[in-house]
>>> print(open('model22.cif').read())   # mmCIF, C-alpha atoms and all ligand atoms
data_upload
loop_
_atom_site.label_atom_id
_atom_site.label_comp_id
_atom_site.auth_asym_id
_atom_site.auth_seq_id
_atom_site.Cartn_x
_atom_site.Cartn_y
_atom_site.Cartn_z
CA MET A 13 102.77 23.37 174.79
CA ASP A 14 105.38 20.88 176.01
CA ALA A 15 104.71 17.15 176.35
CA THR A 16 103.73 17.41 180.04
CA ASP A 17 101.15 20.11 179.33
CA LYS A 18 99.77 18.20 176.32
CA CYS A 19 99.36 15.03 178.42
CA ALA A 20 97.70 17.00 181.24
CA ALA A 21 95.35 18.65 178.73
CA LEU A 22 94.41 15.26 177.27
CA ARG A 23 93.88 13.83 180.74
CA ALA A 24 91.53 16.70 181.57
CA ARG A 25 89.35 15.77 178.59
CA LYS A 26 88.00 12.93 180.78
CA THR A 27 85.92 15.44 182.70
CA GLU A 28 85.98 18.52 180.51
CA GLY A 29 85.58 16.97 177.05
CA PRO A 30 85.31 17.06 174.11
CA PRO A 31 86.08 13.41 173.35
CA ILE A 32 89.67 12.77 172.19
CA ALA A 33 90.21 12.22 168.45
CA ALA A 34 93.36 10.15 167.84
CA LEU A 35 94.82 8.54 164.71
CA THR A 36 97.93 6.63 163.71
CA ALA A 37 100.69 7.90 161.42
CA TRP A 38 103.92 6.38 160.17
CA ASP A 39 105.60 9.03 158.05
CA TYR A 40 106.07 12.76 157.55
CA PRO A 41 103.20 13.54 155.13
CA THR A 42 100.64 11.51 157.06
CA ALA A 43 101.62 13.06 160.40
CA ARG A 44 101.64 16.54 158.91
CA LEU A 45 98.22 16.13 157.28
CA LEU A 46 96.70 14.73 160.50
CA ASP A 47 98.30 17.45 162.59
CA GLU A 48 97.14 20.22 160.26
CA SER A 49 93.63 18.68 160.32
CA GLY A 50 93.46 19.10 164.10
CA VAL A 51 93.75 15.58 165.50
CA ASP A 52 94.56 15.58 169.25
CA LEU A 53 96.97 12.65 169.38
CA ILE A 54 99.07 10.92 166.74
CA LEU A 55 100.21 7.39 167.51
CA VAL A 56 103.07 5.87 165.58
CA GLY A 57 101.54 2.48 166.23
CA ASP A 58 103.19 -0.85 165.61
CA SER A 59 100.26 -1.54 163.27
CA LEU A 60 102.67 0.05 160.77
CA GLY A 61 104.16 -3.45 160.61
CA MET A 62 101.04 -4.50 158.70
CA VAL A 63 99.88 -1.38 156.88
CA VAL A 64 103.31 -0.06 155.87
CA LEU A 65 105.89 -2.84 156.14
CA GLY A 66 103.78 -5.71 154.80
CA PHE A 67 104.14 -8.12 157.73
CA PRO A 68 101.19 -10.39 158.57
CA ASP A 69 100.85 -8.93 162.09
CA THR A 70 102.63 -6.64 164.56
CA THR A 71 104.86 -9.33 166.06
CA HIS A 72 107.59 -8.67 163.47
CA VAL A 73 108.07 -5.01 164.37
CA THR A 74 111.36 -3.99 166.01
CA ILE A 75 112.48 -0.94 167.96
CA GLU A 76 114.60 0.02 164.91
CA HIS A 77 111.47 0.09 162.72
CA MET A 78 109.70 2.19 165.33
CA THR A 79 112.46 4.77 165.83
CA HIS A 80 112.78 5.22 162.05
CA HIS A 81 109.04 5.89 161.65
CA VAL A 82 108.68 7.95 164.85
CA ALA A 83 111.45 10.27 163.61
CA ALA A 84 109.71 10.75 160.25
CA ALA A 85 106.30 11.39 161.86
CA ALA A 86 107.83 13.77 164.42
CA ARG A 87 109.15 15.98 161.62
CA GLY A 88 105.54 16.48 160.49
CA CYS A 89 103.90 16.94 163.89
CA GLN A 90 103.84 20.42 165.47
CA ARG A 91 100.75 20.48 167.65
CA ALA A 92 99.25 17.04 168.42
CA LEU A 93 100.79 14.80 171.09
CA LEU A 94 103.09 12.32 169.30
CA VAL A 95 103.09 8.87 170.90
CA GLY A 96 105.45 6.02 169.99
CA ASP A 97 104.42 2.38 170.41
CA LEU A 98 106.86 0.07 172.19
CA PRO A 99 106.99 -3.00 169.91
CA ILE A 100 106.89 -6.61 171.05
CA HIS A 101 109.92 -7.73 173.12
CA SER A 102 111.15 -4.15 173.53
CA TYR A 103 109.72 -4.07 177.07
CA ASP A 104 110.38 -7.55 178.37
CA THR A 105 112.27 -6.17 181.41
CA ASP A 106 112.19 -2.86 183.28
CA TYR A 107 115.67 -2.06 182.00
CA ALA A 108 114.77 -2.73 178.34
CA THR A 109 111.53 -0.78 178.73
CA VAL A 110 113.27 2.37 179.92
CA ARG A 111 116.12 2.09 177.42
CA ASN A 112 113.81 1.53 174.43
CA ALA A 113 111.34 4.21 175.54
CA HIS A 114 114.26 6.66 175.64
CA LEU A 115 115.06 5.68 172.03
CA LEU A 116 111.50 6.55 170.98
CA ILE A 117 111.67 9.85 172.88
CA GLU A 118 115.04 10.70 171.31
CA ALA A 119 113.47 9.97 167.90
CA GLY A 120 110.76 12.58 168.64
CA ALA A 121 107.97 10.84 170.56
CA GLU A 122 106.50 12.78 173.46
CA ALA A 123 104.99 9.72 175.15
CA VAL A 124 105.03 5.94 174.70
CA LYS A 125 102.39 3.21 174.67
CA LEU A 126 102.67 -0.42 175.75
CA GLU A 127 100.27 -3.35 175.74
CA GLY A 128 99.06 -5.27 178.79
CA GLY A 129 97.44 -4.82 182.19
CA VAL A 130 98.50 -5.63 185.75
CA GLU A 131 101.75 -7.29 184.62
CA GLN A 132 102.95 -4.00 183.10
CA ALA A 133 102.38 -1.76 186.13
CA GLY A 134 106.02 -1.96 187.29
CA LYS A 135 107.26 -0.94 183.84
CA VAL A 136 104.84 1.99 183.68
CA LYS A 137 106.11 3.13 187.09
CA ALA A 138 109.72 2.84 185.91
CA LEU A 139 108.88 4.97 182.85
CA THR A 140 106.98 7.65 184.71
CA GLU A 141 109.82 7.90 187.27
CA GLU A 142 112.05 8.70 184.27
CA GLY A 143 109.62 11.44 183.28
CA ILE A 144 108.30 9.53 180.26
CA PRO A 145 104.51 9.81 179.87
CA VAL A 146 102.79 6.46 179.19
CA ILE A 147 99.55 5.30 177.61
CA GLY A 148 98.36 1.81 178.56
CA HIS A 149 96.55 -0.60 176.25
CA VAL A 150 94.15 -3.31 177.44
CA GLY A 151 91.54 -5.52 175.80
CA MET A 152 92.56 -7.24 172.60
CA LEU A 153 96.37 -7.03 172.41
CA PRO A 154 97.65 -7.40 168.82
CA GLN A 155 101.16 -8.31 170.04
CA ARG A 156 99.62 -11.48 171.55
CA VAL A 157 97.81 -12.57 168.37
CA VAL A 158 100.09 -15.56 167.83
CA GLU A 159 99.85 -16.92 171.39
CA GLU A 160 96.08 -16.27 171.51
CA GLY A 161 95.53 -17.81 168.06
CA GLY A 162 93.70 -14.83 166.53
CA TYR A 163 91.99 -11.52 167.26
CA ARG A 164 89.24 -12.07 169.85
CA ARG A 165 86.96 -9.48 171.36
CA LYS A 166 87.48 -9.01 175.11
CA GLY A 167 85.26 -8.28 178.10
CA ARG A 168 82.68 -10.86 177.03
CA SER A 169 82.13 -12.28 180.53
CA ALA A 170 82.16 -10.98 184.10
CA ALA A 171 85.53 -12.71 184.64
CA GLU A 172 87.05 -11.06 181.55
CA LEU A 173 85.65 -7.69 182.57
CA ALA A 174 87.14 -8.05 186.07
CA ILE A 175 90.60 -8.69 184.56
CA LEU A 176 90.26 -5.62 182.34
CA ILE A 177 89.13 -3.39 185.21
CA GLU A 178 91.97 -4.65 187.40
CA GLY A 179 94.45 -4.05 184.56
CA ALA A 180 93.18 -0.54 183.80
CA SER A 181 93.25 0.39 187.47
CA ALA A 182 96.84 -0.95 187.92
CA LEU A 183 98.00 1.02 184.87
CA GLU A 184 96.33 4.19 186.09
CA ASN A 185 97.81 3.80 189.60
CA ALA A 186 101.24 3.21 188.06
CA GLY A 187 100.99 6.55 186.26
CA CYS A 188 99.40 6.07 182.81
CA PHE A 189 97.71 9.30 181.73
CA SER A 190 95.36 7.48 179.37
CA ILE A 191 94.44 3.92 178.39
CA VAL A 192 93.59 2.47 174.97
CA LEU A 193 90.77 -0.09 175.02
CA GLU A 194 90.84 -2.34 171.97
CA SER A 195 88.00 -4.61 170.80
CA VAL A 196 86.22 -4.61 174.14
CA VAL A 197 82.49 -5.34 174.01
CA GLN A 198 80.47 -2.15 174.36
CA GLU A 199 78.98 -2.65 177.83
CA SER A 200 82.37 -3.62 179.27
CA ALA A 201 84.08 -0.65 177.59
CA ARG A 202 81.49 1.63 179.20
CA ARG A 203 82.07 0.05 182.62
CA ILE A 204 85.87 0.41 182.39
CA THR A 205 85.51 4.01 181.21
CA LYS A 206 83.21 4.81 184.13
CA GLN A 207 85.63 3.34 186.67
CA ALA A 208 88.81 4.88 185.25
CA SER A 209 89.86 8.36 186.29
CA VAL A 210 92.08 8.75 183.22
CA PRO A 211 90.56 8.95 179.72
CA THR A 212 89.97 5.73 177.84
CA ILE A 213 90.55 5.82 174.08
CA GLY A 214 88.62 3.13 172.25
CA ILE A 215 89.17 1.22 169.04
CA GLY A 216 86.59 -1.37 168.08
CA CYS A 217 84.56 -0.62 171.24
CA GLY A 218 81.62 1.10 169.52
CA ALA A 219 80.89 4.82 169.39
CA GLY A 220 80.48 6.78 172.61
CA ASN A 221 81.63 4.08 175.05
CA CYS A 222 85.06 5.61 175.75
CA ASP A 223 86.42 9.10 176.38
CA GLY A 224 87.85 9.22 172.87
CA GLU A 225 88.50 7.17 169.77
CA ILE A 226 91.61 6.02 167.97
CA ALA A 227 91.72 4.43 164.53
CA VAL A 228 94.38 3.15 162.18
CA THR A 229 94.55 5.89 159.56
CA SER A 230 94.71 3.51 156.60
CA ASP A 231 91.30 2.16 157.71
CA VAL A 232 89.82 5.67 157.88
CA ILE A 233 91.16 6.79 154.50
CA GLY A 234 90.80 3.40 152.77
CA SER A 235 94.44 3.10 151.74
CA TYR A 236 95.01 -0.54 152.82
CA PRO A 237 92.21 -2.58 151.23
CA TRP A 238 93.70 -6.03 151.83
CA PHE A 239 92.77 -6.23 155.51
CA VAL A 240 90.10 -4.05 157.07
CA PRO A 241 88.92 -4.86 160.61
CA PRO A 242 85.16 -5.45 160.84
CA PHE A 243 84.66 -2.42 163.12
CA ALA A 244 86.53 0.02 160.82
CA ILE A 245 84.63 2.89 159.20
CA SER A 246 86.19 4.25 156.01
CA HIS A 247 85.64 7.88 155.08
CA ALA A 248 87.52 7.72 151.78
CA ASP A 249 88.83 5.30 149.15
CA VAL A 250 92.45 6.31 148.77
CA ALA A 251 93.39 2.89 147.36
CA GLY A 252 90.74 3.36 144.65
CA GLU A 253 92.01 6.88 143.89
CA ILE A 254 95.61 5.60 143.63
CA ARG A 255 94.54 2.81 141.28
CA LYS A 256 92.57 5.27 139.11
CA SER A 257 95.32 7.87 138.93
CA VAL A 258 98.03 5.26 138.23
CA ALA A 259 95.88 3.75 135.46
CA ALA A 260 95.51 7.25 133.96
CA TYR A 261 99.26 7.78 134.23
CA ILE A 262 100.04 4.44 132.57
CA ALA A 263 97.59 5.24 129.76
CA SER A 264 99.19 8.67 129.26
CA CYS A 265 102.66 7.06 129.08
CA ARG A 266 101.49 4.58 126.48
CA GLU A 267 99.68 7.17 124.36
CA ALA A 268 102.69 9.44 124.12
CA THR A 269 104.74 8.95 120.97
CA PRO A 270 108.48 9.46 121.38
CA SER A 271 109.95 11.81 118.76
CA SER A 272 112.43 9.04 117.76
CA ALA A 273 109.49 6.68 116.99
CA SER A 274 107.73 9.20 114.72
CA SER A 275 110.84 10.15 112.68
O1 LIG B 301 99.42 -0.03 166.64
C1 LIG B 301 98.35 0.58 166.61
O2 LIG B 301 97.94 1.16 165.61
C2 LIG B 301 97.56 0.59 167.84
C3 LIG B 301 96.17 1.09 167.75
C4 LIG B 301 95.34 0.03 167.16
C5 LIG B 301 95.66 1.55 169.05
O3 LIG B 301 98.02 0.17 168.86
#
>>> encode(input="model22.cif", output="structure tokens", more="lines below")
Ligand code: KIV
Amino acid sequence: MDATDKCAALRARKTEGPPIAALTAWDYPTARLLDESGVDLILVGDSLGMVVLGFPDTTHVTIEHMTHHVAAAARGCQRALLVGDLPIHSYDTDYATVRNAHLLIEAGAEAVKLEGGVEQAGKVKALTEEGIPVIGHVGMLPQRVVEEGGYRRKGRSAAELAILIEGASALENAGCFSIVLESVVQESARRITKQASVPTIGIGCGAGNCDGEIAVTSDVIGSYPWFVPPFAISHADVAGEIRKSVAAYIASCREATPSSASS
């Protein structure tokens, strides 16, 4: 299937189901394992700034970081739709948006994602006119963590919900084939999902309130123990397994006696 067919198939999941299962990846082995496991969509998210590059948040991620990691993930992804995140300041103008989205596509992404609501509609239109499929992202926006002074749940009042609905509807009308909802309170996530005619993909919105789920893979496999969002559900303890196997390796190195030492 080409990118257009994959996006159309994902869009149809809104009405036909089953719910979309999406995860993030940042390198070849992770993308390949996720793809072989049957995930529908792989996002090379700018969360890689935290879980791979060691920055305190996503505001340090550049388009160069993203193209490097998209290219690696693309080499491991055969079947799922591969989406590249546009990092902060890479879509400040329509011109920059289109130019940087093309860089992600050239690196191997089949679609791009950007954060924000009504204010991004013009950029989404510019991208879709270029034939680049776009996923929107409303609710808590990690690229705004510094200006907002932290990670706050969204959709907690009627006024906040109205802004989210207006944003989701502007993104959809501009051509987004799907919209990520992040850290939106459950009732509001359900309302946005009901109003949208494209699938919503939730993270931190509770189970069953969106048309699909996305998670940061290191949260799911337990490979980044230093920061785990409160809503994350781990299905493994990869960090624990790494620590155990490295301890065993170190012990085996220290037990071995070099032939020069015994002679
Ligand atoms: O960067 C990322 O991983 C994301 C997900 C949290 C949706 O944007």
>>> closest_atom_pairs(input="model22.cif", of="chain A", to="ligand LIG 301 (chain B)", cutoff="7 Å", atoms="only C-alpha atoms and all ligand atoms", output="tab-separated table")
residue	atom	partner	partner_atom	distance
A:Thr36	CA	B:LIG301	O2	5.8
A:Leu55	CA	B:LIG301	O2	6.9
A:Val56	CA	B:LIG301	O2	7.0
A:Gly57	CA	B:LIG301	O1	3.3
A:Asp58	CA	B:LIG301	O1	4.0
A:Ser59	CA	B:LIG301	O1	3.8
A:Leu60	CA	B:LIG301	O1	6.7
A:Asp97	CA	B:LIG301	O1	6.7
A:Val192	CA	B:LIG301	C5	6.3
A:Glu194	CA	B:LIG301	C5	6.8
A:Ile215	CA	B:LIG301	C5	6.5
A:Ile226	CA	B:LIG301	C5	6.1
A:Ala227	CA	B:LIG301	C4	6.3
A:Val228	CA	B:LIG301	O2	5.3
>>> write_last_selection(input="model22.cif", atoms="C-alpha atoms", output="PDB file, keeping the file's coordinate frame")
ATOM      1  CA  THR A  36      97.930   6.630 163.710  1.00  0.00           C
ATOM      2  CA  LEU A  55     100.210   7.390 167.510  1.00  0.00           C
ATOM      3  CA  VAL A  56     103.070   5.870 165.580  1.00  0.00           C
ATOM      4  CA  GLY A  57     101.540   2.480 166.230  1.00  0.00           C
ATOM      5  CA  ASP A  58     103.190  -0.850 165.610  1.00  0.00           C
ATOM      6  CA  SER A  59     100.260  -1.540 163.270  1.00  0.00           C
ATOM      7  CA  LEU A  60     102.670   0.050 160.770  1.00  0.00           C
ATOM      8  CA  ASP A  97     104.420   2.380 170.410  1.00  0.00           C
ATOM      9  CA  VAL A 192      93.590   2.470 174.970  1.00  0.00           C
ATOM     10  CA  GLU A 194      90.840  -2.340 171.970  1.00  0.00           C
ATOM     11  CA  ILE A 215      89.170   1.220 169.040  1.00  0.00           C
ATOM     12  CA  ILE A 226      91.610   6.020 167.970  1.00  0.00           C
ATOM     13  CA  ALA A 227      91.720   4.430 164.530  1.00  0.00           C
ATOM     14  CA  VAL A 228      94.380   3.150 162.180  1.00  0.00           C
TER      15      VAL A 228
END
>>> closest_residue(input="model22.cif", among="A:Leu98, A:Val157, A:Leu126, A:Ile117", to="A:His77", atoms="all atoms listed in the file")
A:Leu98
>>> closest_residue(input="model22.cif", among="A:Gly88, A:Gly187, A:Gly167, A:Gly218", to="A:Leu45", atoms="all atoms listed in the file")
A:Gly88
>>> residues_near_point(input="model22.cif", point="(96.6, 19.4, 175.6)", cutoff="12 Å", atoms="all atoms listed in the file", output="PyMOL selection string")
chain A and resi 13-26+28-30+32-33+50-53+91-94+189
>>> closest_residue(input="model22.cif", among="A:Glu267, A:Glu225, A:Glu141, A:Glu159", to="A:Ala186", atoms="only C-alpha atoms")
A:Glu141
>>> closest_residue(input="model22.cif", among="A:Ala85, A:His72, A:Ala174, A:Arg255", to="A:Ala37", atoms="all atoms listed in the file")
A:Ala85
>>> atom_distance(input="model22.cif", atom1="atom CA of A:His81", atom2="atom CA of A:Val240")
21.9 Å
>>> closest_residue(input="model22.cif", among="A:Ser230, A:Ala182, A:Arg266, A:Tyr261", to="A:His247", atoms="only C-alpha atoms")
A:Ser230
>>> atom_distance(input="model22.cif", atom1="atom CA of A:Pro68", atom2="atom CA of A:Ser235")
16.6 Å
>>> atom_distance(input="model22.cif", atom1="atom CA of A:Ser246", atom2="atom CA of A:Ile204")
26.7 Å
>>> closest_residue(input="model22.cif", among="A:Asp104, A:Gly143, A:Val210, A:Arg168", to="A:Glu122", atoms="all atoms listed in the file")
A:Gly143
>>> residues_around(input="model22.cif", residues="A:Ile100", least_positions_apart="4", cutoff="12 Å", atoms="all atoms listed in the file", output="mmCIF file with C-alpha atoms, keeping the file's coordinate frame")
data_model
loop_
_atom_site.group_PDB
_atom_site.id
_atom_site.type_symbol
_atom_site.label_atom_id
_atom_site.label_comp_id
_atom_site.auth_asym_id
_atom_site.auth_seq_id
_atom_site.Cartn_x
_atom_site.Cartn_y
_atom_site.Cartn_z
ATOM 1 C CA GLY A 57 101.540 2.480 166.230
ATOM 2 C CA ASP A 58 103.190 -0.850 165.610
ATOM 3 C CA SER A 59 100.260 -1.540 163.270
ATOM 4 C CA GLY A 61 104.160 -3.450 160.610
ATOM 5 C CA ASP A 69 100.850 -8.930 162.090
ATOM 6 C CA THR A 70 102.630 -6.640 164.560
ATOM 7 C CA THR A 71 104.860 -9.330 166.060
ATOM 8 C CA HIS A 72 107.590 -8.670 163.470
ATOM 9 C CA VAL A 73 108.070 -5.010 164.370
ATOM 10 C CA THR A 74 111.360 -3.990 166.010
ATOM 11 C CA ILE A 75 112.480 -0.940 167.960
ATOM 12 C CA GLU A 76 114.600 0.020 164.910
ATOM 13 C CA HIS A 77 111.470 0.090 162.720
ATOM 14 C CA MET A 78 109.700 2.190 165.330
ATOM 15 C CA ASP A 104 110.380 -7.550 178.370
ATOM 16 C CA THR A 105 112.270 -6.170 181.410
ATOM 17 C CA ALA A 108 114.770 -2.730 178.340
ATOM 18 C CA THR A 109 111.530 -0.780 178.730
ATOM 19 C CA ASN A 112 113.810 1.530 174.430
ATOM 20 C CA LYS A 125 102.390 3.210 174.670
ATOM 21 C CA LEU A 126 102.670 -0.420 175.750
ATOM 22 C CA GLU A 127 100.270 -3.350 175.740
ATOM 23 C CA GLY A 128 99.060 -5.270 178.790
ATOM 24 C CA LEU A 153 96.370 -7.030 172.410
ATOM 25 C CA PRO A 154 97.650 -7.400 168.820
ATOM 26 C CA GLN A 155 101.160 -8.310 170.040
ATOM 27 C CA ARG A 156 99.620 -11.480 171.550
ATOM 28 C CA VAL A 157 97.810 -12.570 168.370
ATOM 29 C CA VAL A 158 100.090 -15.560 167.830
#
>>> residues_around(input="model22.cif", residues="A:Thr212", least_positions_apart="2", cutoff="9 Å", atoms="only C-alpha atoms", output="number ranges by chain")
A: 26, 190-193, 201, 204-205, 208-210, 214, 221-225
